[in-house]
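Student: Sending over run21.pdb (PDB, C-alpha atoms and all ligand atoms).
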MODEL        1
ATOM      1  CA  MET S   1     102.574-108.902  40.199  1.00  0.00           C
ATOM      2  CA  GLN S   2     104.488-105.722  39.534  1.00  0.00           C
ATOM      3  CA  THR S   3     105.730-105.152  35.997  1.00  0.00           C
ATOM      4  CA  THR S   4     109.040-103.495  35.102  1.00  0.00           C
ATOM      5  CA  ILE S   5     109.380-100.131  33.364  1.00  0.00           C
ATOM      6  CA  GLY S   6     110.670-101.932  30.282  1.00  0.00           C
ATOM      7  CA  GLU S   7     107.607-104.190  30.208  1.00  0.00           C
ATOM      8  CA  ASN S   8     105.317-101.185  30.646  1.00  0.00           C
ATOM      9  CA  ILE S   9     106.947 -99.399  27.721  1.00  0.00           C
ATOM     10  CA  LYS S  10     106.525-102.453  25.544  1.00  0.00           C
ATOM     11  CA  ALA S  11     102.861-102.831  26.516  1.00  0.00           C
ATOM     12  CA  VAL S  12     102.086 -99.149  25.909  1.00  0.00           C
ATOM     13  CA  ARG S  13     103.815 -99.229  22.527  1.00  0.00           C
ATOM     14  CA  ARG S  14     101.640-102.206  21.625  1.00  0.00           C
ATOM     15  CA  GLN S  15      98.493-100.338  22.714  1.00  0.00           C
ATOM     16  CA  ILE S  16      99.553 -97.315  20.654  1.00  0.00           C
ATOM     17  CA  ALA S  17     100.074 -99.519  17.601  1.00  0.00           C
ATOM     18  CA  ASP S  18      96.672-101.150  18.095  1.00  0.00           C
ATOM     19  CA  ALA S  19      94.904 -97.794  18.467  1.00  0.00           C
ATOM     20  CA  ALA S  20      96.697 -96.513  15.358  1.00  0.00           C
ATOM     21  CA  ALA S  21      95.600 -99.598  13.431  1.00  0.00           C
ATOM     22  CA  ARG S  22      91.966 -99.031  14.491  1.00  0.00           C
ATOM     23  CA  ALA S  23      92.196 -95.498  13.118  1.00  0.00           C
ATOM     24  CA  GLY S  24      94.022 -96.549   9.940  1.00  0.00           C
ATOM     25  CA  ARG S  25      97.081 -94.580  10.990  1.00  0.00           C
ATOM     26  CA  ASP S  26     100.786 -95.358  10.706  1.00  0.00           C
ATOM     27  CA  PRO S  27     102.124 -95.806  14.268  1.00  0.00           C
ATOM     28  CA  SER S  28     105.521 -94.459  13.223  1.00  0.00           C
ATOM     29  CA  GLY S  29     103.877 -91.013  13.096  1.00  0.00           C
ATOM     30  CA  ILE S  30     103.144 -91.137  16.834  1.00  0.00           C
ATOM     31  CA  LYS S  31     105.884 -90.297  19.304  1.00  0.00           C
ATOM     32  CA  LEU S  32     105.921 -91.393  22.925  1.00  0.00           C
ATOM     33  CA  VAL S  33     107.262 -88.942  25.498  1.00  0.00           C
ATOM     34  CA  ALA S  34     107.802 -90.715  28.837  1.00  0.00           C
ATOM     35  CA  VAL S  35     106.799 -88.320  31.612  1.00  0.00           C
ATOM     36  CA  SER S  36     109.386 -88.809  34.339  1.00  0.00           C
ATOM     37  CA  LYS S  37     108.495 -85.966  36.720  1.00  0.00           C
ATOM     38  CA  THR S  38     109.073 -86.853  40.404  1.00  0.00           C
ATOM     39  CA  LYS S  39     110.779 -90.115  39.332  1.00  0.00           C
ATOM     40  CA  PRO S  40     114.493 -90.702  39.961  1.00  0.00           C
ATOM     41  CA  ALA S  41     117.229 -90.758  37.332  1.00  0.00           C
ATOM     42  CA  GLU S  42     117.459 -94.544  37.841  1.00  0.00           C
ATOM     43  CA  ASP S  43     113.947 -94.974  36.428  1.00  0.00           C
ATOM     44  CA  ILE S  44     114.829 -92.853  33.397  1.00  0.00           C
ATOM     45  CA  TYR S  45     117.978 -94.886  32.881  1.00  0.00           C
ATOM     46  CA  GLU S  46     115.945 -98.087  32.969  1.00  0.00           C
ATOM     47  CA  ALA S  47     113.472 -96.713  30.411  1.00  0.00           C
ATOM     48  CA  TYR S  48     116.360 -95.566  28.227  1.00  0.00           C
ATOM     49  CA  GLY S  49     117.747 -99.083  28.383  1.00  0.00           C
ATOM     50  CA  ALA S  50     114.403-100.273  27.005  1.00  0.00           C
ATOM     51  CA  GLY S  51     114.771 -97.974  23.996  1.00  0.00           C
ATOM     52  CA  GLN S  52     112.932 -94.878  25.256  1.00  0.00           C
ATOM     53  CA  VAL S  53     114.792 -91.622  24.401  1.00  0.00           C
ATOM     54  CA  ALA S  54     112.226 -88.821  24.921  1.00  0.00           C
ATOM     55  CA  PHE S  55     111.398 -87.764  28.488  1.00  0.00           C
ATOM     56  CA  GLY S  56     109.009 -85.116  29.782  1.00  0.00           C
ATOM     57  CA  GLU S  57     109.526 -83.002  32.887  1.00  0.00           C
ATOM     58  CA  ASN S  58     107.378 -80.328  34.544  1.00  0.00           C
ATOM     59  CA  TYR S  59     109.909 -78.300  36.503  1.00  0.00           C
ATOM     60  CA  ALA S  60     113.042 -76.629  35.129  1.00  0.00           C
ATOM     61  CA  GLN S  61     115.071 -77.277  38.256  1.00  0.00           C
ATOM     62  CA  GLU S  62     114.198 -80.980  38.391  1.00  0.00           C
ATOM     63  CA  MET S  63     114.881 -81.364  34.680  1.00  0.00           C
ATOM     64  CA  ASN S  64     118.286 -79.714  34.949  1.00  0.00           C
ATOM     65  CA  ALA S  65     119.260 -81.876  37.922  1.00  0.00           C
ATOM     66  CA  LYS S  66     118.470 -84.985  35.874  1.00  0.00           C
ATOM     67  CA  ILE S  67     120.272 -83.681  32.780  1.00  0.00           C
ATOM     68  CA  GLU S  68     123.374 -83.134  34.885  1.00  0.00           C
ATOM     69  CA  SER S  69     123.104 -86.362  36.882  1.00  0.00           C
ATOM     70  CA  ASP S  70     126.023 -88.827  36.679  1.00  0.00           C
ATOM     71  CA  LEU S  71     123.706 -91.521  35.390  1.00  0.00           C
ATOM     72  CA  LEU S  72     122.165 -89.568  32.509  1.00  0.00           C
ATOM     73  CA  SER S  73     124.584 -86.814  31.496  1.00  0.00           C
ATOM     74  CA  GLY S  74     126.527 -89.118  29.171  1.00  0.00           C
ATOM     75  CA  LEU S  75     123.506 -90.230  27.129  1.00  0.00           C
ATOM     76  CA  ALA S  76     123.950 -88.102  24.029  1.00  0.00           C
ATOM     77  CA  ASP S  77     120.705 -88.966  22.240  1.00  0.00           C
ATOM     78  CA  ILE S  78     118.354 -88.476  25.193  1.00  0.00           C
ATOM     79  CA  GLU S  79     115.676 -85.809  24.537  1.00  0.00           C
ATOM     80  CA  TRP S  80     114.219 -83.579  27.238  1.00  0.00           C
ATOM     81  CA  HIS S  81     110.719 -82.188  26.772  1.00  0.00           C
ATOM     82  CA  MET S  82     109.442 -79.414  29.045  1.00  0.00           C
ATOM     83  CA  ILE S  83     105.733 -80.013  29.532  1.00  0.00           C
ATOM     84  CA  GLY S  84     104.896 -77.969  32.654  1.00  0.00           C
ATOM     85  CA  HIS S  85     104.052 -74.308  33.160  1.00  0.00           C
ATOM     86  CA  ILE S  86     107.243 -72.213  32.978  1.00  0.00           C
ATOM     87  CA  GLN S  87     107.879 -69.196  35.163  1.00  0.00           C
ATOM     88  CA  THR S  88     109.642 -66.479  33.188  1.00  0.00           C
ATOM     89  CA  ASN S  89     112.577 -66.426  35.619  1.00  0.00           C
ATOM     90  CA  LYS S  90     113.259 -70.086  34.735  1.00  0.00           C
ATOM     91  CA  VAL S  91     113.420 -69.619  30.971  1.00  0.00           C
ATOM     92  CA  LYS S  92     117.143 -68.876  30.878  1.00  0.00           C
ATOM     93  CA  SER S  93     117.949 -72.192  32.586  1.00  0.00           C
ATOM     94  CA  LEU S  94     116.064 -74.117  29.875  1.00  0.00           C
ATOM     95  CA  ILE S  95     117.598 -72.544  26.799  1.00  0.00           C
ATOM     96  CA  GLY S  96     119.657 -75.003  24.780  1.00  0.00           C
ATOM     97  CA  LYS S  97     118.592 -77.968  26.923  1.00  0.00           C
ATOM     98  CA  THR S  98     115.105 -78.841  25.695  1.00  0.00           C
ATOM     99  CA  ALA S  99     114.260 -80.685  22.508  1.00  0.00           C
ATOM    100  CA  LEU S 100     110.778 -79.188  22.700  1.00  0.00           C
ATOM    101  CA  ILE S 101     108.824 -76.906  25.023  1.00  0.00           C
ATOM    102  CA  HIS S 102     105.202 -78.149  24.967  1.00  0.00           C
ATOM    103  CA  SER S 103     103.874 -75.469  27.292  1.00  0.00           C
ATOM    104  CA  LEU S 104     104.118 -72.078  25.622  1.00  0.00           C
ATOM    105  CA  ASP S 105     101.009 -70.638  27.248  1.00  0.00           C
ATOM    106  CA  SER S 106     101.297 -66.852  27.000  1.00  0.00           C
ATOM    107  CA  ILE S 107     102.722 -64.064  24.852  1.00  0.00           C
ATOM    108  CA  ARG S 108     104.694 -62.867  27.867  1.00  0.00           C
ATOM    109  CA  LEU S 109     106.460 -66.229  28.079  1.00  0.00           C
ATOM    110  CA  ALA S 110     107.151 -66.150  24.329  1.00  0.00           C
ATOM    111  CA  GLU S 111     108.709 -62.715  24.752  1.00  0.00           C
ATOM    112  CA  GLU S 112     111.084 -64.033  27.427  1.00  0.00           C
ATOM    113  CA  ILE S 113     111.976 -67.149  25.414  1.00  0.00           C
ATOM    114  CA  GLN S 114     112.736 -64.938  22.418  1.00  0.00           C
ATOM    115  CA  LYS S 115     114.945 -62.689  24.542  1.00  0.00           C
ATOM    116  CA  GLN S 116     116.966 -65.527  26.068  1.00  0.00           C
ATOM    117  CA  ALA S 117     117.165 -67.539  22.838  1.00  0.00           C
ATOM    118  CA  GLN S 118     118.467 -64.534  20.950  1.00  0.00           C
ATOM    119  CA  LYS S 119     121.130 -63.928  23.604  1.00  0.00           C
ATOM    120  CA  ALA S 120     122.243 -67.534  23.301  1.00  0.00           C
ATOM    121  CA  SER S 121     121.972 -67.497  19.483  1.00  0.00           C
ATOM    122  CA  VAL S 122     119.705 -70.540  19.376  1.00  0.00           C
ATOM    123  CA  THR S 123     116.247 -71.334  18.027  1.00  0.00           C
ATOM    124  CA  VAL S 124     113.783 -72.837  20.500  1.00  0.00           C
ATOM    125  CA  ASP S 125     111.161 -75.320  19.295  1.00  0.00           C
ATOM    126  CA  VAL S 126     107.790 -74.927  20.999  1.00  0.00           C
ATOM    127  CA  LEU S 127     104.165 -76.009  20.972  1.00  0.00           C
ATOM    128  CA  LEU S 128     101.317 -73.665  21.835  1.00  0.00           C
ATOM    129  CA  GLU S 129      99.407 -74.961  24.846  1.00  0.00           C
ATOM    130  CA  ILE S 130      95.650 -74.931  24.426  1.00  0.00           C
ATOM    131  CA  ASN S 131      93.216 -75.008  27.334  1.00  0.00           C
ATOM    132  CA  ILE S 132      90.914 -77.333  25.471  1.00  0.00           C
ATOM    133  CA  ALA S 133      88.154 -77.740  28.078  1.00  0.00           C
ATOM    134  CA  ARG S 134      88.395 -74.166  29.418  1.00  0.00           C
ATOM    135  CA  GLU S 135      89.445 -75.368  32.878  1.00  0.00           C
ATOM    136  CA  SER S 136      90.306 -72.620  35.348  1.00  0.00           C
ATOM    137  CA  SER S 137      92.987 -74.889  36.844  1.00  0.00           C
ATOM    138  CA  LYS S 138      94.869 -75.107  33.544  1.00  0.00           C
ATOM    139  CA  TYR S 139      97.114 -72.784  31.573  1.00  0.00           C
ATOM    140  CA  GLY S 140      96.999 -72.183  27.848  1.00  0.00           C
ATOM    141  CA  PHE S 141      95.192 -70.303  25.122  1.00  0.00           C
ATOM    142  CA  PHE S 142      91.541 -70.842  24.378  1.00  0.00           C
ATOM    143  CA  ILE S 143      91.026 -72.148  20.858  1.00  0.00           C
ATOM    144  CA  GLU S 144      89.469 -68.912  19.659  1.00  0.00           C
ATOM    145  CA  GLU S 145      92.533 -66.937  20.835  1.00  0.00           C
ATOM    146  CA  THR S 146      95.099 -69.244  19.334  1.00  0.00           C
ATOM    147  CA  GLU S 147      95.363 -68.048  15.752  1.00  0.00           C
ATOM    148  CA  GLU S 148      95.973 -64.477  16.858  1.00  0.00           C
ATOM    149  CA  ALA S 149      98.533 -65.651  19.426  1.00  0.00           C
ATOM    150  CA  ALA S 150     100.256 -67.788  16.797  1.00  0.00           C
ATOM    151  CA  GLN S 151     100.443 -64.785  14.471  1.00  0.00           C
ATOM    152  CA  ALA S 152     102.012 -62.669  17.225  1.00  0.00           C
ATOM    153  CA  ILE S 153     104.518 -65.383  18.169  1.00  0.00           C
ATOM    154  CA  SER S 154     105.462 -65.961  14.526  1.00  0.00           C
ATOM    155  CA  ALA S 155     107.239 -62.586  14.642  1.00  0.00           C
ATOM    156  CA  TYR S 156     109.780 -63.961  17.146  1.00  0.00           C
ATOM    157  CA  ARG S 157     112.664 -65.151  15.024  1.00  0.00           C
ATOM    158  CA  ASN S 158     114.318 -67.362  17.628  1.00  0.00           C
ATOM    159  CA  ILE S 159     111.135 -69.326  18.311  1.00  0.00           C
ATOM    160  CA  ARG S 160     109.846 -72.001  15.985  1.00  0.00           C
ATOM    161  CA  VAL S 161     106.255 -73.099  16.547  1.00  0.00           C
ATOM    162  CA  LEU S 162     105.905 -76.787  15.676  1.00  0.00           C
ATOM    163  CA  GLY S 163     102.355 -77.465  16.797  1.00  0.00           C
ATOM    164  CA  LEU S 164      99.799 -77.588  19.582  1.00  0.00           C
ATOM    165  CA  MET S 165      99.574 -79.260  22.998  1.00  0.00           C
ATOM    166  CA  ALA S 166      96.666 -79.885  25.341  1.00  0.00           C
ATOM    167  CA  SER S 167      95.785 -81.837  28.466  1.00  0.00           C
ATOM    168  CA  ALA S 168      92.197 -83.045  28.569  1.00  0.00           C
ATOM    169  CA  PRO S 169      90.358 -83.162  31.900  1.00  0.00           C
ATOM    170  CA  TYR S 170      91.080 -85.983  34.315  1.00  0.00           C
ATOM    171  CA  THR S 171      88.456 -88.687  33.909  1.00  0.00           C
ATOM    172  CA  ASP S 172      87.871 -92.370  34.631  1.00  0.00           C
ATOM    173  CA  ASN S 173      86.234 -92.768  31.249  1.00  0.00           C
ATOM    174  CA  PRO S 174      88.559 -91.832  28.372  1.00  0.00           C
ATOM    175  CA  GLU S 175      85.583 -91.634  26.010  1.00  0.00           C
ATOM    176  CA  ASP S 176      84.634 -88.431  27.854  1.00  0.00           C
ATOM    177  CA  ASN S 177      87.660 -86.758  26.232  1.00  0.00           C
ATOM    178  CA  ARG S 178      87.016 -87.850  22.673  1.00  0.00           C
ATOM    179  CA  THR S 179      85.141 -84.669  21.719  1.00  0.00           C
ATOM    180  CA  HIS S 180      87.963 -82.503  23.137  1.00  0.00           C
ATOM    181  CA  PHE S 181      90.584 -84.390  21.117  1.00  0.00           C
ATOM    182  CA  LYS S 182      88.437 -84.289  18.002  1.00  0.00           C
ATOM    183  CA  GLN S 183      87.903 -80.559  18.354  1.00  0.00           C
ATOM    184  CA  LEU S 184      91.602 -79.852  18.833  1.00  0.00           C
ATOM    185  CA  ASN S 185      92.569 -82.030  15.866  1.00  0.00           C
ATOM    186  CA  GLU S 186      90.084 -80.190  13.650  1.00  0.00           C
ATOM    187  CA  PHE S 187      91.550 -76.868  14.736  1.00  0.00           C
ATOM    188  CA  PHE S 188      95.088 -78.220  14.201  1.00  0.00           C
ATOM    189  CA  LEU S 189      94.286 -79.324  10.644  1.00  0.00           C
ATOM    190  CA  ASP S 190      92.800 -75.892   9.989  1.00  0.00           C
ATOM    191  CA  ILE S 191      95.600 -73.736  11.444  1.00  0.00           C
ATOM    192  CA  ARG S 192      98.257 -75.875   9.727  1.00  0.00           C
ATOM    193  CA  HIS S 193      97.302 -74.370   6.418  1.00  0.00           C
ATOM    194  CA  LYS S 194      97.642 -70.737   7.516  1.00  0.00           C
ATOM    195  CA  LYS S 195     100.853 -69.167   6.350  1.00  0.00           C
ATOM    196  CA  MET S 196     102.921 -67.862   9.246  1.00  0.00           C
ATOM    197  CA  ASP S 197     106.625 -67.121   9.609  1.00  0.00           C
ATOM    198  CA  ASN S 198     108.763 -69.394  11.809  1.00  0.00           C
ATOM    199  CA  THR S 199     105.863 -71.819  12.092  1.00  0.00           C
ATOM    200  CA  ARG S 200     105.483 -75.397  10.922  1.00  0.00           C
ATOM    201  CA  MET S 201     102.458 -76.952  12.565  1.00  0.00           C
ATOM    202  CA  SER S 202     103.248 -80.668  12.453  1.00  0.00           C
ATOM    203  CA  ILE S 203     102.943 -81.863  16.045  1.00  0.00           C
ATOM    204  CA  LEU S 204      99.755 -82.455  18.011  1.00  0.00           C
ATOM    205  CA  SER S 205     100.710 -83.330  21.605  1.00  0.00           C
ATOM    206  CA  MET S 206      97.684 -84.818  23.372  1.00  0.00           C
ATOM    207  CA  GLY S 207      96.939 -88.010  25.288  1.00  0.00           C
ATOM    208  CA  MET S 208      98.128 -89.133  28.752  1.00  0.00           C
ATOM    209  CA  SER S 209      98.003 -92.381  30.744  1.00  0.00           C
ATOM    210  CA  GLY S 210      94.225 -92.361  31.102  1.00  0.00           C
ATOM    211  CA  ASP S 211      93.234 -91.411  27.577  1.00  0.00           C
ATOM    212  CA  PHE S 212      96.084 -91.979  25.109  1.00  0.00           C
ATOM    213  CA  GLU S 213      94.332 -94.594  22.998  1.00  0.00           C
ATOM    214  CA  VAL S 214      91.402 -92.275  22.327  1.00  0.00           C
ATOM    215  CA  ALA S 215      93.893 -89.468  21.589  1.00  0.00           C
ATOM    216  CA  VAL S 216      95.618 -91.662  18.991  1.00  0.00           C
ATOM    217  CA  GLU S 217      92.276 -92.499  17.396  1.00  0.00           C
ATOM    218  CA  GLU S 218      91.570 -88.749  17.180  1.00  0.00           C
ATOM    219  CA  GLY S 219      94.847 -87.742  15.532  1.00  0.00           C
ATOM    220  CA  SER S 220      97.478 -87.224  18.236  1.00  0.00           C
ATOM    221  CA  THR S 221     101.088 -87.310  16.991  1.00  0.00           C
ATOM    222  CA  MET S 222     102.745 -87.086  20.420  1.00  0.00           C
ATOM    223  CA  LEU S 223     101.719 -88.760  23.680  1.00  0.00           C
ATOM    224  CA  ARG S 224     102.867 -87.697  27.143  1.00  0.00           C
ATOM    225  CA  ILE S 225     102.598 -90.742  29.392  1.00  0.00           C
ATOM    226  CA  GLY S 226     103.846 -90.992  32.976  1.00  0.00           C
ATOM    227  CA  THR S 227     101.918 -93.138  35.443  1.00  0.00           C
ATOM    228  CA  ARG S 228     101.336 -95.977  33.001  1.00  0.00           C
ATOM    229  CA  LEU S 229     105.119 -96.362  32.500  1.00  0.00           C
ATOM    230  CA  PHE S 230     106.647 -95.445  35.851  1.00  0.00           C
ATOM    231  CA  GLY S 231     103.822 -96.174  38.310  1.00  0.00           C
ATOM    232  CA  SER S 232     101.860 -93.728  40.432  1.00  0.00           C
ATOM    233  CA  ARG S 233     103.462 -90.558  41.768  1.00  0.00           C
TER     234      ARG S 233
HETATM  235  C1  LIG C   1     102.040 -85.327  34.509  1.00  0.00           C
HETATM  236  C2  LIG C   1     101.713 -84.916  33.121  1.00  0.00           C
HETATM  237  C3  LIG C   1     101.490 -85.876  32.111  1.00  0.00           C
HETATM  238  C4  LIG C   1     101.487 -87.382  32.346  1.00  0.00           C
HETATM  239  O1  LIG C   1     100.386 -87.754  33.118  1.00  0.00           O
HETATM  240  P1  LIG C   1     100.058 -89.298  33.414  1.00  0.00           P
HETATM  241  O2  LIG C   1      98.613 -89.285  33.735  1.00  0.00           O
HETATM  242  O3  LIG C   1     100.912 -89.704  34.563  1.00  0.00           O
HETATM  243  O4  LIG C   1     100.361 -90.068  32.199  1.00  0.00           O
HETATM  244  C5  LIG C   1     101.252 -85.418  30.822  1.00  0.00           C
HETATM  245  N1  LIG C   1     101.219 -84.099  30.534  1.00  0.00           N
HETATM  246  C6  LIG C   1     101.419 -83.160  31.479  1.00  0.00           C
HETATM  247  C7  LIG C   1     101.364 -81.722  31.086  1.00  0.00           C
HETATM  248  C8  LIG C   1     101.659 -83.537  32.795  1.00  0.00           C
HETATM  249  O5  LIG C   1     101.834 -82.589  33.714  1.00  0.00           O
ENDMDL
END
Would you give me this structure, written as structure tokens?
Tutor:
Amino acid sequence: MQTTIGENIKAVRRQIADAAARAGRDPSGIKLVAVSKTKPAEDIYEAYGAGQVAFGENYAQEMNAKIESDLLSGLADIEWHMIGHIQTNKVKSLIGKTALIHSLDSIRLAEEIQKQAQKASVTVDVLLEINIARESSKYGFFIEETEEAAQAISAYRNIRVLGLMASAPYTDNPEDNRTHFKQLNEFFLDIRHKKMDNTRMSILSMGMSGDFEVAVEEGSTMLRIGTRLFGSR
């Protein structure tokens, strides 16, 4: 029997709480971002009705269409997270609309965000995307490049770096990703203590439908979950 989006949200929240308990963590320190890419505004509205306020989108154009939709435009507390690769010519259309950009994956992109944010007199909150398993199909910094990149980006006054984001490889066995999550969490705990301007490393965005419980056990503070809530795409 098919479950509703509201039921899925409830079940996932329960699984998050259980995984947190196994790791001796407080579940209130773990935020769920519902990944709504390719799904209609009606699905987002239904999730919102079930208490979900943070939504993740991969494409600027699709995100903006949903933000402006009749159904969703009046929901003042809804939060939009950009989680997909951003082309520099799309940056301007995102400024002032996103609660958090998870996918800052190059210095060139940071430069463009700084330029557009300064023009609009806003500060943009971002995470640095890390290519944790060195996959050629993925964007992001390698771990060994990240501190230097973070130092460079810390000079941009209209960008605030709040943490790190990664997508682990697709796998049928979530245990396969445990070492990746562990490695990223260790790096996160290390880089947190480095003093950098405009930087407050407090968010670790990792864990998706297939591996979020392992991610919670390994220190994730933000989960990006789509399929498990909204069904397959
Ligand atoms: C699509 C996507 C997700 C969600 O993936 P699911 O497997 O559907 O949970 C999370 N993060 C990013 C960057 C994505 O593109």
Student: Check which residues of chain S sit at most 7 Å from ligand LIG 1 (chain C) using all atoms listed in the file, and return one row each with the closest pair of atoms and their distance in Å to one decimal, ordered by chain and rising number, as CSV.
Tutor:
residue,atom,partner,partner_atom,distance
S:Val35,CA,C:LIG1,C4,5.4
S:Lys37,CA,C:LIG1,C1,6.9
S:Asn58,CA,C:LIG1,O5,6.0
S:Ile83,CA,C:LIG1,C7,4.9
S:Gly84,CA,C:LIG1,C7,5.4
S:Ser167,CA,C:LIG1,C7,6.2
S:Met208,CA,C:LIG1,O4,4.2
S:Ser209,CA,C:LIG1,O4,3.6
S:Gly210,CA,C:LIG1,O2,6.0
S:Arg224,CA,C:LIG1,C5,4.6
S:Ile225,CA,C:LIG1,O4,3.7
S:Gly226,CA,C:LIG1,O3,3.6
S:Thr227,CA,C:LIG1,O3,3.7
S:Arg228,CA,C:LIG1,O4,6.0
Student: If you apply the PyMOL selection byres (((chain S and resi 219) around 9) and not hetatm) to this file, what residues do you get, as a list in words?
Tutor: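 When the PyMOL selection byres (((chain S and resi 219) around 9) and not hetatm) is applied, the selected residues are Ala20, Ala23, Arg25, Phe181, Lys182, Asn185, Leu204, Met206, Val214, Ala215, Val216, Glu217, Glu218, Ser220 and Thr221 of chain S.
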Student: Tell me which protein, DNA and RNA residues are within 12 Å of Gly163 (chain S), counting all atoms listed in the file, leaving out same-chain ones fewer than 3 positions away, and put them as a compact mmCIF listing (two decimals) with C-alpha atoms, in the frame of the given file.
Tutor:
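Listing of selection.txt after writing:
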# COMPACT_ATOMS: atom_id res chain seq x y z
CA LEU S 100 110.78 -79.19 22.70
CA ILE S 101 108.82 -76.91 25.02
CA HIS S 102 105.20 -78.15 24.97
CA SER S 103 103.87 -75.47 27.29
CA LEU S 104 104.12 -72.08 25.62
CA ASP S 125 111.16 -75.32 19.30
CA VAL S 126 107.79 -74.93 21.00
CA LEU S 127 104.16 -76.01 20.97
CA LEU S 128 101.32 -73.67 21.84
CA GLU S 129 99.41 -74.96 24.85
CA ILE S 130 95.65 -74.93 24.43
CA THR S 146 95.10 -69.24 19.33
CA GLU S 147 95.36 -68.05 15.75
CA ALA S 150 100.26 -67.79 16.80
CA ARG S 160 109.85 -72.00 15.98
CA ALA S 166 96.67 -79.89 25.34
CA LEU S 184 91.60 -79.85 18.83
CA ASN S 185 92.57 -82.03 15.87
CA PHE S 187 91.55 -76.87 14.74
CA PHE S 188 95.09 -78.22 14.20
CA LEU S 189 94.29 -79.32 10.64
CA ASP S 190 92.80 -75.89 9.99
CA ILE S 191 95.60 -73.74 11.44
CA ARG S 192 98.26 -75.88 9.73
CA HIS S 193 97.30 -74.37 6.42
CA ASN S 198 108.76 -69.39 11.81
CA THR S 199 105.86 -71.82 12.09
CA ARG S 200 105.48 -75.40 10.92
CA MET S 201 102.46 -76.95 12.56
CA SER S 202 103.25 -80.67 12.45
CA ILE S 203 102.94 -81.86 16.05
CA LEU S 204 99.76 -82.46 18.01
CA SER S 205 100.71 -83.33 21.60
CA MET S 206 97.68 -84.82 23.37
CA SER S 220 97.48 -87.22 18.24
CA THR S 221 101.09 -87.31 16.99
CA MET S 222 102.74 -87.09 20.42
Student: Please evaluate the PyMOL selection byres (((chain S and resi 114) around 8) and not hetatm) against the displayed coordinates and give the resulting residues as a ChimeraX atom specification.
Tutor: /S:110-113,115-118,156-159
Student: Record the distance separating CA of Ala76 (chain S) and CA of Asp105 (chain S), expressed in Å with one decimal.
Tutor: 29.0 Å
Student: Measuring between only C-alpha atoms, which one of S:Ser154, S:Gly96, S:Ala41, S:Leu164 shows the shortest distance to Asp70 (chain S)?
Tutor: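 Smallest distance to Asp70 (chain S) is found for S:Ala41.
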Student: Is it possible to produce a file of region 166-170 of chain S from this structure, with all heavy atoms, as a compact mmCIF listing (two decimals), in the first residue's frame?
Tutor:
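Output file decode.txt follows:
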# COMPACT_ATOMS: atom_id res chain seq x y z
N ALA S 166 28.53 17.02 1.41
CA ALA S 166 29.02 15.98 0.50
C ALA S 166 27.91 15.00 0.17
O ALA S 166 26.98 14.79 0.95
CB ALA S 166 30.19 15.22 1.12
N SER S 167 28.02 14.41 -1.03
CA SER S 167 27.16 13.30 -1.42
C SER S 167 28.06 12.07 -1.55
O SER S 167 29.00 12.09 -2.34
CB SER S 167 26.51 13.55 -2.77
OG SER S 167 25.81 14.77 -2.76
N ALA S 168 27.76 11.04 -0.81
CA ALA S 168 28.54 9.81 -0.91
C ALA S 168 28.09 9.04 -2.16
O ALA S 168 27.02 9.32 -2.70
CB ALA S 168 28.34 8.97 0.35
N PRO S 169 28.88 8.10 -2.62
CA PRO S 169 28.50 7.34 -3.81
C PRO S 169 27.17 6.62 -3.64
O PRO S 169 26.79 6.25 -2.53
CB PRO S 169 29.64 6.32 -3.96
CG PRO S 169 30.78 6.90 -3.23
CD PRO S 169 30.19 7.70 -2.10
N TYR S 170 26.48 6.41 -4.77
CA TYR S 170 25.26 5.62 -4.73
C TYR S 170 25.61 4.17 -4.41
O TYR S 170 26.55 3.61 -4.96
CB TYR S 170 24.51 5.68 -6.08
CG TYR S 170 23.30 4.82 -6.02
CD1 TYR S 170 22.14 5.27 -5.39
CD2 TYR S 170 23.34 3.51 -6.48
CE1 TYR S 170 21.04 4.45 -5.26
CE2 TYR S 170 22.23 2.68 -6.36
CZ TYR S 170 21.09 3.16 -5.74
OH TYR S 170 20.01 2.34 -5.58
